[in-house]
$ cat run37.txt   # compact mmCIF, C-alpha atoms
# COMPACT_ATOMS: atom_id res chain seq x y z
CA MET A 1 41.11 50.47 -1.00
CA SER A 2 40.33 50.34 2.72
CA SER A 3 36.88 51.03 4.09
CA ASP A 4 38.12 54.30 5.62
CA ASP A 5 39.56 55.61 2.33
CA ARG A 6 36.70 54.96 -0.08
CA PRO A 7 35.17 58.02 -1.78
CA ALA A 8 31.90 59.49 -0.62
CA ARG A 9 28.88 57.90 -2.23
CA LEU A 10 26.35 59.81 -4.26
CA GLY A 11 22.65 59.84 -3.56
CA ARG A 12 20.63 59.97 -0.39
CA PRO A 13 21.58 57.97 2.69
CA ARG A 14 19.53 54.83 3.14
CA VAL A 15 19.36 55.40 6.89
CA VAL A 16 19.49 58.77 8.64
CA PRO A 17 20.32 59.56 12.29
CA ASP A 18 17.67 60.19 14.89
CA THR A 19 16.57 63.82 14.76
CA ALA A 20 15.64 63.89 18.46
CA SER A 21 19.10 65.20 19.39
CA GLY A 22 18.50 68.44 17.52
CA LEU A 23 21.75 68.00 15.60
CA SER A 24 21.92 67.64 11.84
CA PRO A 25 23.01 64.21 10.52
CA ARG A 26 26.43 65.65 9.69
CA ASP A 27 26.85 67.11 13.18
CA GLN A 28 25.76 63.85 14.78
CA ILE A 29 28.53 62.10 12.87
CA LEU A 30 31.07 64.72 13.97
CA ASP A 31 29.95 64.45 17.59
CA ALA A 32 30.13 60.65 17.59
CA ALA A 33 33.52 60.67 15.90
CA ALA A 34 34.92 63.21 18.37
CA ALA A 35 33.81 61.04 21.28
CA LEU A 36 35.36 57.90 19.80
CA PHE A 37 38.61 59.60 18.75
CA VAL A 38 39.09 60.94 22.28
CA GLU A 39 37.98 57.75 24.02
CA ASN A 40 39.78 55.17 21.88
CA GLY A 41 42.26 57.06 19.73
CA PHE A 42 42.10 57.91 16.05
CA SER A 43 43.80 54.77 14.71
CA ALA A 44 41.57 52.46 16.75
CA THR A 45 38.35 54.12 15.54
CA SER A 46 36.79 52.91 12.30
CA THR A 47 34.09 54.55 10.23
CA ARG A 48 31.94 51.53 11.04
CA ALA A 49 32.28 52.29 14.75
CA ILE A 50 31.36 55.93 14.15
CA ALA A 51 28.29 54.91 12.14
CA GLU A 52 27.22 52.48 14.83
CA ARG A 53 27.57 55.17 17.51
CA VAL A 54 25.26 57.43 15.49
CA GLY A 55 22.88 54.61 14.65
CA ILE A 56 23.29 54.66 10.87
CA ARG A 57 24.73 52.35 8.25
CA GLN A 58 28.37 52.85 7.31
CA ALA A 59 27.29 53.73 3.76
CA SER A 60 25.28 56.63 5.12
CA LEU A 61 28.38 58.10 6.76
CA TYR A 62 30.12 58.14 3.37
CA TYR A 63 27.32 60.31 2.03
CA HIS A 64 28.66 63.09 4.31
CA PHE A 65 32.39 62.32 4.59
CA ALA A 66 34.92 60.52 2.40
CA GLY A 67 36.51 58.89 5.45
CA LYS A 68 37.56 59.44 9.03
CA ASP A 69 40.49 61.69 8.05
CA GLU A 70 38.02 64.15 6.59
CA VAL A 71 35.98 63.96 9.79
CA LEU A 72 39.04 64.72 11.93
CA VAL A 73 40.10 67.59 9.66
CA GLU A 74 36.71 69.24 10.15
CA LEU A 75 36.78 68.70 13.90
CA LEU A 76 40.26 70.18 14.23
CA THR A 77 39.42 73.12 11.97
CA THR A 78 36.47 74.06 14.18
CA SER A 79 38.93 74.39 17.07
CA VAL A 80 40.88 77.24 15.43
CA ARG A 81 38.82 78.83 12.65
CA PRO A 82 36.32 80.78 14.86
CA SER A 83 39.21 82.47 16.67
CA LEU A 84 40.84 83.42 13.38
CA ASP A 85 37.62 84.74 11.87
CA VAL A 86 37.06 87.19 14.72
CA VAL A 87 40.64 88.30 15.38
CA ARG A 88 41.38 89.11 11.73
CA GLY A 89 38.92 91.95 11.92
CA LEU A 90 40.28 93.15 15.26
CA GLU A 91 43.91 93.10 14.17
CA GLU A 92 43.11 95.36 11.22
CA ARG A 93 42.11 98.04 13.76
CA VAL A 94 45.38 97.84 15.73
CA PRO A 95 46.94 100.26 16.62
CA GLY A 96 44.13 102.62 15.58
CA SER A 97 40.79 102.27 17.36
CA VAL A 98 41.83 99.08 19.18
CA SER A 99 44.85 98.63 21.43
CA ALA A 100 47.12 95.63 20.93
CA ALA A 101 46.57 94.58 24.55
CA GLY A 102 42.79 94.73 24.16
CA ALA A 103 42.91 92.76 20.92
CA LEU A 104 45.21 90.19 22.51
CA ALA A 105 42.90 89.77 25.49
CA ALA A 106 39.95 89.37 23.12
CA LEU A 107 41.83 86.74 21.14
CA VAL A 108 42.65 84.76 24.27
CA LEU A 109 39.03 84.86 25.41
CA ILE A 110 37.74 83.81 21.98
CA ASP A 111 40.26 80.99 21.83
CA ILE A 112 39.38 79.77 25.32
CA ASP A 113 35.67 79.72 24.50
CA THR A 114 36.27 78.01 21.15
CA LEU A 115 38.38 75.28 22.73
CA ALA A 116 35.94 74.91 25.62
CA ARG A 117 33.10 74.28 23.16
CA THR A 118 34.78 71.78 20.84
CA PRO A 119 33.00 68.43 21.07
CA HIS A 120 34.55 66.03 23.54
CA ASN A 121 37.72 68.12 23.98
CA ILE A 122 39.00 67.42 20.47
CA GLY A 123 42.03 69.62 21.17
CA THR A 124 43.61 66.62 22.92
CA LEU A 125 44.21 65.22 19.42
CA TYR A 126 46.44 68.08 18.25
CA LEU A 127 49.59 66.04 18.77
CA LEU A 128 48.45 62.88 17.03
CA PRO A 129 51.11 61.59 14.59
CA GLU A 130 48.44 61.46 11.89
CA VAL A 131 47.86 65.22 12.21
CA GLN A 132 51.39 65.79 10.87
CA GLY A 133 50.35 64.21 7.55
CA GLU A 134 49.62 65.97 4.28
CA ARG A 135 45.84 65.72 4.69
CA TYR A 136 46.03 68.03 7.70
CA GLU A 137 48.08 70.81 6.11
CA GLY A 138 45.10 73.17 6.10
CA PHE A 139 44.52 72.75 9.83
CA ARG A 140 48.22 73.19 10.60
CA ALA A 141 48.31 76.34 8.46
CA ASP A 142 45.31 77.77 10.32
CA ARG A 143 46.86 77.02 13.71
CA GLN A 144 50.18 78.55 12.60
CA GLU A 145 48.34 81.67 11.47
CA LEU A 146 46.67 81.81 14.87
CA GLN A 147 50.03 81.44 16.61
CA ASP A 148 51.56 84.15 14.41
CA THR A 149 48.68 86.45 15.33
CA TYR A 150 49.38 85.84 19.01
CA GLY A 151 52.99 86.75 18.34
CA ARG A 152 52.21 89.98 16.48
CA LEU A 153 49.66 91.23 19.00
CA GLY A 154 51.79 90.11 21.91
CA ALA A 155 54.84 91.95 20.59
CA LEU A 156 52.82 95.14 20.06
CA ALA A 157 51.27 94.90 23.52
CA ALA A 158 54.48 93.93 25.31
CA THR A 159 56.59 96.22 27.41
CA GLU A 160 59.96 97.30 26.08
CA ASP A 161 61.77 94.80 28.30
CA VAL A 162 59.78 91.87 26.88
CA ARG A 163 60.08 93.06 23.28
CA GLY A 164 63.81 93.34 23.71
CA THR A 165 64.27 89.79 24.99
CA VAL A 166 61.53 87.64 23.40
CA ALA A 167 61.09 87.39 19.63
CA PRO A 168 57.49 87.61 18.34
CA GLU A 169 57.70 84.01 17.04
CA LEU A 170 58.63 82.70 20.49
CA LEU A 171 56.13 84.93 22.23
CA GLY A 172 53.37 83.65 19.94
CA GLY A 173 54.27 80.08 20.83
CA ILE A 174 54.20 80.88 24.54
CA LEU A 175 50.87 82.69 24.38
CA ILE A 176 49.03 80.08 22.33
CA GLN A 177 50.25 77.36 24.69
CA LEU A 178 48.92 79.34 27.64
CA ALA A 179 45.54 79.70 25.94
CA GLU A 180 45.50 75.99 25.13
CA THR A 181 45.82 75.22 28.83
CA VAL A 182 42.04 75.00 28.59
CA ILE A 183 42.47 71.66 26.81
CA GLN A 184 44.12 70.19 29.89
CA LEU A 185 41.62 71.83 32.24
CA ARG A 186 38.77 70.14 30.38
CA ARG A 187 40.24 66.73 31.18
CA THR A 188 39.19 67.17 34.80
CA GLY A 189 36.10 69.35 34.58
CA GLU A 190 34.34 72.32 33.05
CA VAL A 191 36.12 75.55 32.24
CA ASP A 192 34.66 78.37 34.34
CA ASP A 193 34.97 82.16 34.52
CA HIS A 194 37.83 81.93 37.01
CA ASP A 195 39.80 79.81 34.53
CA ARG A 196 39.10 82.29 31.73
CA GLU A 197 40.29 85.20 33.86
CA ALA A 198 43.40 83.36 35.04
CA ILE A 199 44.49 82.33 31.56
CA THR A 200 43.80 85.73 30.01
CA GLY A 201 45.58 87.56 32.80
CA THR A 202 48.56 85.23 32.58
CA CYS A 203 48.89 85.88 28.83
CA LEU A 204 48.86 89.65 29.40
CA ARG A 205 51.34 89.44 32.25
CA ALA A 206 53.62 87.30 30.06
CA CYS A 207 53.83 90.40 27.84
CA GLY A 208 55.00 92.42 30.85
CA LEU A 209 51.74 94.24 31.55
CA GLY A 210 51.05 95.35 35.11
CA PRO A 211 47.75 95.09 37.03
CA ASP A 212 46.27 98.35 35.72
CA ALA A 213 47.15 97.59 32.11
CA VAL A 214 45.76 94.05 32.45
CA ALA A 215 42.48 95.39 33.86
CA ALA A 216 42.20 97.98 31.07
CA ALA A 217 42.85 95.34 28.40
CA ARG A 218 40.19 93.09 29.88
CA ARG A 219 37.61 95.86 29.88
CA GLU A 220 38.43 96.69 26.29
CA ALA A 221 38.24 93.03 25.29
CA ASP A 222 34.79 92.68 26.84
CA ALA A 223 33.59 95.70 24.87
CA LEU A 224 35.11 94.41 21.63
CA LEU A 225 33.55 90.97 22.02
CA ALA A 226 30.17 92.43 22.94
CA ALA A 227 30.27 94.58 19.81
CA ALA A 228 31.32 91.62 17.66
CA ALA A 229 28.39 89.60 18.96
CA VAL A 230 25.83 92.19 17.85
$ encode --input "run37.txt" --output "structure tokens"
Amino acid sequence: MSSDDRPARLGRPRVVPDTASGLSPRDQILDAAAALFVENGFSATSTRAIAERVGIRQASLYYHFAGKDEVLVELLTTSVRPSLDVVRGLEERVPGSVSAAGALAALVLIDIDTLARTPHNIGTLYLLPEVQGERYEGFRADRQELQDTYGRLGALAATEDVRGTVAPELLGGILIQLAETVIQLRRTGEVDDHDREAITGTCLRACGLGPDAVAAARREADALLAAAAV
């Protein structure tokens, strides 16, 4: 059994991370792992290197995680789950009290903010060969659900011309890729309000919406997100 595949140990860690960062020991491990995965690649990063970055013994890492695959699964899941959690409630209200365009705009904004907050731009690891393995089925299922939601809301919001030429499955793929542009933007700097507006507007225009409809959807999305934050 390799050092990265051994089961988590029972009992308290012998050495704990420094609490000065304000992060819990588990979050310090996740943050260090994210940095190393992005800097050096997943295959080239060992649990020993992660532990050293945090300042703990390798055995202490295994108190929190069974291995680096489990660490990566959690990091990837945090890049999609918040968007799903919020949009599920919004989609239930479409087409009643919430318009499809407003819900779509809200989803794009949530997704942008989620991806912009992931530690060390972990979204760059989506295409790793390892992520296609069985251990990552849960993450892939979550991301597919998110893509399907983009497709459903996009199809409902789209103009007749777009609905008649682009299947919901394809539209979902297009929209999620537009939202994930934020991953590339983070490679060169911070994501700002202009970026958020540009990406959201582009997603709405991809559904065929004109300037007035885009503006109305953005106003509705702001109201929906403000209400969700209360």
$ closest_residue --input "run37.txt" --among "A:Ala51, A:Ala198, A:Leu146, A:Cys207" --to "Arg163 in chain A" --atoms "only C-alpha atoms"
A:Cys207
$ residues_around --input "run37.txt" --residues "range 164-178 of chain A" --least-positions-apart "5" --cutoff "7 Å" --atoms "all atoms listed in the file" --output "list in words"
Gln147, Asp148, Tyr150, Gly151, Arg152, Gly154, Ala155, Ile199 and Cys203 of chain A
$ residues_around --input "run37.txt" --residues "Leu225 in chain A" --least-positions-apart "3" --cutoff "10 Å" --atoms "only C-alpha atoms" --output "number ranges by chain"
A: 86, 90, 103, 106-107, 109-110, 220-222, 228-230
$ closest_residue --input "run37.txt" --among "A:Ile56, A:Val162, A:Ala179, A:Ala34" --to "Asn121 in chain A" --atoms "all atoms listed in the file"
A:Ala34
$ atom_distance --input "run37.txt" --atom1 "CA of Arg81 in chain A" --atom2 "CA of Leu104 in chain A"
16.3 Å
$ closest_residue --input "run37.txt" --among "A:Pro95, A:Gly123, A:Pro211, A:Gly89" --to "Arg143 in chain A" --atoms "all atoms listed in the file"
A:Gly123
$ atom_distance --input "run37.txt" --atom1 "CA of Pro82 in chain A" --atom2 "CA of Pro119 in chain A"
14.2 Å
$ atom_distance --input "run37.txt" --atom1 "CA of Phe42 in chain A" --atom2 "CA of Gln144 in chain A"
22.4 Å
$ closest_residue --input "run37.txt" --among "A:Gly41, A:Arg26, A:Leu224, A:Val54" --to "Pro129 in chain A" --atoms "only C-alpha atoms"
A:Gly41
$ closest_residue --input "run37.txt" --among "A:Asp212, A:Glu197, A:Asp111, A:Asp142" --to "Ile183 in chain A" --atoms "only C-alpha atoms"
A:Asp111
$ residues_around --input "run37.txt" --residues "Tyr126 in chain A" --least-positions-apart "5" --cutoff "10 Å" --atoms "all atoms listed in the file" --output "ChimeraX atom specification"
/A:76,79,131-132,139-140
$ residues_around --input "run37.txt" --residues "Leu36 in chain A" --least-positions-apart "2" --cutoff "10 Å" --atoms "all atoms listed in the file" --output "VMD selection string"
chain A and resid 30 to 34 38 to 42 44 to 46 49 to 50 53 120
$ closest_residue --input "run37.txt" --among "A:Ala158, A:Pro25, A:Gly96, A:Arg117" --to "Leu204 in chain A" --atoms "all atoms listed in the file"
A:Ala158
$ build_atoms --input "run37.txt" --residues "range 168-182 of chain A" --atoms "N, CA and C atoms" --output "PDB file, keeping the file's coordinate frame"
ATOM      1  N   PRO A 168      58.931  87.826  18.540  1.00  0.00           N
ATOM      2  CA  PRO A 168      57.490  87.610  18.340  1.00  0.00           C
ATOM      3  C   PRO A 168      57.142  86.146  18.080  1.00  0.00           C
ATOM      4  N   GLU A 169      57.991  85.426  17.341  1.00  0.00           N
ATOM      5  CA  GLU A 169      57.700  84.010  17.040  1.00  0.00           C
ATOM      6  C   GLU A 169      57.647  83.189  18.321  1.00  0.00           C
ATOM      7  N   LEU A 170      58.611  83.437  19.214  1.00  0.00           N
ATOM      8  CA  LEU A 170      58.630  82.700  20.490  1.00  0.00           C
ATOM      9  C   LEU A 170      57.482  83.143  21.367  1.00  0.00           C
ATOM     10  N   LEU A 171      57.224  84.440  21.403  1.00  0.00           N
ATOM     11  CA  LEU A 171      56.130  84.930  22.230  1.00  0.00           C
ATOM     12  C   LEU A 171      54.789  84.356  21.770  1.00  0.00           C
ATOM     13  N   GLY A 172      54.600  84.262  20.451  1.00  0.00           N
ATOM     14  CA  GLY A 172      53.370  83.650  19.940  1.00  0.00           C
ATOM     15  C   GLY A 172      53.212  82.222  20.394  1.00  0.00           C
ATOM     16  N   GLY A 173      54.312  81.467  20.371  1.00  0.00           N
ATOM     17  CA  GLY A 173      54.270  80.080  20.830  1.00  0.00           C
ATOM     18  C   GLY A 173      53.926  79.974  22.301  1.00  0.00           C
ATOM     19  N   ILE A 174      54.482  80.884  23.101  1.00  0.00           N
ATOM     20  CA  ILE A 174      54.200  80.880  24.540  1.00  0.00           C
ATOM     21  C   ILE A 174      52.731  81.211  24.798  1.00  0.00           C
ATOM     22  N   LEU A 175      52.241  82.233  24.124  1.00  0.00           N
ATOM     23  CA  LEU A 175      50.870  82.690  24.380  1.00  0.00           C
ATOM     24  C   LEU A 175      49.826  81.669  23.941  1.00  0.00           C
ATOM     25  N   ILE A 176      50.033  81.047  22.781  1.00  0.00           N
ATOM     26  CA  ILE A 176      49.030  80.080  22.330  1.00  0.00           C
ATOM     27  C   ILE A 176      49.034  78.847  23.242  1.00  0.00           C
ATOM     28  N   GLN A 177      50.207  78.489  23.759  1.00  0.00           N
ATOM     29  CA  GLN A 177      50.250  77.360  24.690  1.00  0.00           C
ATOM     30  C   GLN A 177      49.530  77.693  25.984  1.00  0.00           C
ATOM     31  N   LEU A 178      49.660  78.936  26.437  1.00  0.00           N
ATOM     32  CA  LEU A 178      48.920  79.340  27.640  1.00  0.00           C
ATOM     33  C   LEU A 178      47.424  79.263  27.396  1.00  0.00           C
ATOM     34  N   ALA A 179      46.974  79.762  26.243  1.00  0.00           N
ATOM     35  CA  ALA A 179      45.540  79.700  25.940  1.00  0.00           C
ATOM     36  C   ALA A 179      45.064  78.260  25.858  1.00  0.00           C
ATOM     37  N   GLU A 180      45.891  77.389  25.294  1.00  0.00           N
ATOM     38  CA  GLU A 180      45.500  75.990  25.130  1.00  0.00           C
ATOM     39  C   GLU A 180      45.572  75.192  26.425  1.00  0.00           C
ATOM     40  N   THR A 181      45.921  75.859  27.518  1.00  0.00           N
ATOM     41  CA  THR A 181      45.820  75.220  28.830  1.00  0.00           C
ATOM     42  C   THR A 181      44.394  74.728  29.080  1.00  0.00           C
ATOM     43  N   VAL A 182      43.442  75.383  28.431  1.00  0.00           N
ATOM     44  CA  VAL A 182      42.040  75.000  28.590  1.00  0.00           C
ATOM     45  C   VAL A 182      41.812  73.541  28.174  1.00  0.00           C
TER      46      VAL A 182
END
